[in-house]
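In what follows, a single structure is set out as structure tokens and then discussed.
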Amino acid sequence: MLPVEAAGRTRYVRREDVRFVEAHGDYVRLHLPGGSHLVRIPLSRLEEHWDPHRFVRVHRSFLLHLPAVRELRSDAGGGLLAHTDAGDVPVSRRHARDLRDQLLAAATAGALDGHRAPDGDGPGSDRGRP
């Protein structure tokens, strides 16, 4: 949970509800399906803490929650966008191959839909083959 101050109230945002994070100087904007929240924490610090929870750097200003990606799209300028239900996230050329590899690995493991295939039973398994 991450505390978010808004209009004199403190709300708590669950990490798994965040689709992507956008840097704004010493702040980050957390993007959720129902809106966004500005929090005072540097992107690099959040990346350090959220990396084990499938948040990956896809651009110098963006972290993306892998399970939030619905599709990858090309933009008009030939760049890559990761589409989520909270908006599109630009993916730099430097991070594009790594993102595709991580999405493929997560999909193969069943991790994108919140379910993980048991060891040896997922796609590409040799179980049951001679």
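Here's how to read the names in the structure tokens: chain A, B, ... by the order shown, residue numbers from 1 in each chain, ligand numbers from 1 in the order shown.
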
Shell of 9 Å around A:Leu103, only C-alpha atoms, local chain residues under 2 positions omitted, as a ChimeraX atom specification: /A:66-67,69,98-101,105-108,112

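Neighbours of stretch 81-93 of chain A closer than or equal to 9 Å, with only C-alpha atoms counted and sequence neighbours fewer than 4 positions away skipped, come out as Val18, Arg19, Phe20, Glu22, His31, Leu32, Pro33, Gly34, Gly35, Ser36, Arg57, Val58, His59, Arg60, Phe62, Leu63, Leu64, Ala68, Val69, Arg70, Glu71, Leu72, Arg73, Ser74, Asp75, Arg97 and Leu99 of chain A.
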
Option closest in space to A:Val39, from A:Val4, A:Val56, A:Ala23, A:Ala111 [counting only C-alpha atoms]: A:Val4

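Near A:Val13, within 7 Å and counting only C-alpha atoms, sit Met1, Leu2, Pro3 and Val4 of chain A; same-chain residues fewer than 5 positions away were not included.
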
Selection to disk with N, CA and C atoms, as a compact mmCIF listing (two decimals), in the first residue's frame:
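Everything below was put into result.txt:
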```
# COMPACT_ATOMS: atom_id res chain seq x y z
N MET A 1 0.84 -1.18 0.00
CA MET A 1 0.00 0.00 0.00
C MET A 1 0.89 1.25 0.00
N LEU A 2 0.45 2.23 -0.71
CA LEU A 2 1.18 3.49 -0.79
C LEU A 2 0.23 4.62 -0.40
N PRO A 3 0.58 5.41 0.62
CA PRO A 3 -0.31 6.50 1.02
C PRO A 3 -0.31 7.62 -0.02
N VAL A 4 -1.50 8.13 -0.31
CA VAL A 4 -1.68 9.20 -1.29
C VAL A 4 -2.50 10.30 -0.63
```

So that I can check the surroundings of A:Pro52, please list as a PDB file with all heavy atoms, in the first residue's frame every protein, DNA and RNA residue that reaches within 12 Å of it, counting only C-alpha atoms and ignoring chain neighbours fewer than 5 positions away.
```pdb
ATOM      1  N   ARG A  15      -0.465  -1.543  -4.619  1.00  0.00           N
ATOM      2  CA  ARG A  15       0.520  -1.623  -5.704  1.00  0.00           C
ATOM      3  C   ARG A  15      -0.058  -2.359  -6.914  1.00  0.00           C
ATOM      4  O   ARG A  15       0.138  -1.946  -8.061  1.00  0.00           O
ATOM      5  CB  ARG A  15       1.782  -2.319  -5.214  1.00  0.00           C
ATOM      6  CG  ARG A  15       2.843  -2.470  -6.281  1.00  0.00           C
ATOM      7  CD  ARG A  15       4.115  -3.139  -5.777  1.00  0.00           C
ATOM      8  NE  ARG A  15       3.825  -4.300  -4.975  1.00  0.00           N
ATOM      9  CZ  ARG A  15       4.272  -4.498  -3.725  1.00  0.00           C
ATOM     10  NH1 ARG A  15       5.047  -3.611  -3.165  1.00  0.00           N
ATOM     11  NH2 ARG A  15       3.964  -5.576  -3.066  1.00  0.00           N
ATOM     12  N   LEU A  46      11.215   4.132  -6.371  1.00  0.00           N
ATOM     13  CA  LEU A  46      10.053   3.268  -6.532  1.00  0.00           C
ATOM     14  C   LEU A  46      10.413   2.045  -7.367  1.00  0.00           C
ATOM     15  O   LEU A  46      10.002   0.926  -7.049  1.00  0.00           O
ATOM     16  CB  LEU A  46       8.916   4.053  -7.182  1.00  0.00           C
ATOM     17  CG  LEU A  46       7.536   3.464  -7.058  1.00  0.00           C
ATOM     18  CD1 LEU A  46       7.129   3.308  -5.598  1.00  0.00           C
ATOM     19  CD2 LEU A  46       6.528   4.329  -7.794  1.00  0.00           C
ATOM     20  N   GLU A  47      11.196   2.242  -8.404  1.00  0.00           N
ATOM     21  CA  GLU A  47      11.648   1.129  -9.250  1.00  0.00           C
ATOM     22  C   GLU A  47      12.405   0.102  -8.415  1.00  0.00           C
ATOM     23  O   GLU A  47      12.190  -1.112  -8.560  1.00  0.00           O
ATOM     24  CB  GLU A  47      12.543   1.646 -10.375  1.00  0.00           C
ATOM     25  CG  GLU A  47      13.101   0.559 -11.264  1.00  0.00           C
ATOM     26  CD  GLU A  47      14.043   1.086 -12.328  1.00  0.00           C
ATOM     27  OE1 GLU A  47      14.573   2.208 -12.182  1.00  0.00           O
ATOM     28  OE2 GLU A  47      14.261   0.359 -13.305  1.00  0.00           O
ATOM     29  N   HIS A  65       3.651  -1.994 -15.103  1.00  0.00           N
ATOM     30  CA  HIS A  65       3.296  -3.239 -14.426  1.00  0.00           C
ATOM     31  C   HIS A  65       2.998  -4.272 -15.519  1.00  0.00           C
ATOM     32  O   HIS A  65       2.029  -4.128 -16.274  1.00  0.00           O
ATOM     33  CB  HIS A  65       2.077  -3.007 -13.530  1.00  0.00           C
ATOM     34  CG  HIS A  65       1.835  -4.091 -12.565  1.00  0.00           C
ATOM     35  ND1 HIS A  65       0.621  -4.275 -11.972  1.00  0.00           N
ATOM     36  CD2 HIS A  65       2.642  -5.056 -12.054  1.00  0.00           C
ATOM     37  CE1 HIS A  65       0.683  -5.298 -11.142  1.00  0.00           C
ATOM     38  NE2 HIS A  65       1.901  -5.787 -11.191  1.00  0.00           N
ATOM     39  N   LEU A  66       3.831  -5.288 -15.633  1.00  0.00           N
ATOM     40  CA  LEU A  66       3.699  -6.262 -16.723  1.00  0.00           C
ATOM     41  C   LEU A  66       2.297  -6.846 -16.865  1.00  0.00           C
ATOM     42  O   LEU A  66       1.788  -6.943 -17.980  1.00  0.00           O
ATOM     43  CB  LEU A  66       4.720  -7.393 -16.564  1.00  0.00           C
ATOM     44  CG  LEU A  66       6.159  -7.065 -16.898  1.00  0.00           C
ATOM     45  CD1 LEU A  66       7.053  -8.268 -16.640  1.00  0.00           C
ATOM     46  CD2 LEU A  66       6.308  -6.596 -18.333  1.00  0.00           C
TER      47      LEU A  66
END
```

Every residue of stretch 67-111 of chain A that DSSP places in strand (DSSP E), as JSON, numbers by chain: {"A": [71, 72, 73, 74, 80, 81, 82, 83, 84, 87, 88, 89, 90, 91]}

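Counting only C-alpha atoms and comparing A:Phe55, A:Ala7, A:Ala109, A:Val21, the residue that lies closest to A:Leu43 is A:Val21.
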
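Here atom CA of A:Leu38 stands at a distance of 19.7 Å from atom CA of A:Asp51.
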
Members of stretch 4-123 of chain A assigned helix (DSSP H, G or I) by DSSP, as JSON, numbers by chain: {"A": [15, 16, 17, 43, 44, 45, 46, 47, 48, 49, 50, 51, 52, 53, 66, 67, 68, 93, 94, 95, 96, 97, 98, 99, 100, 101, 102, 103, 104, 105, 106, 107, 108]}
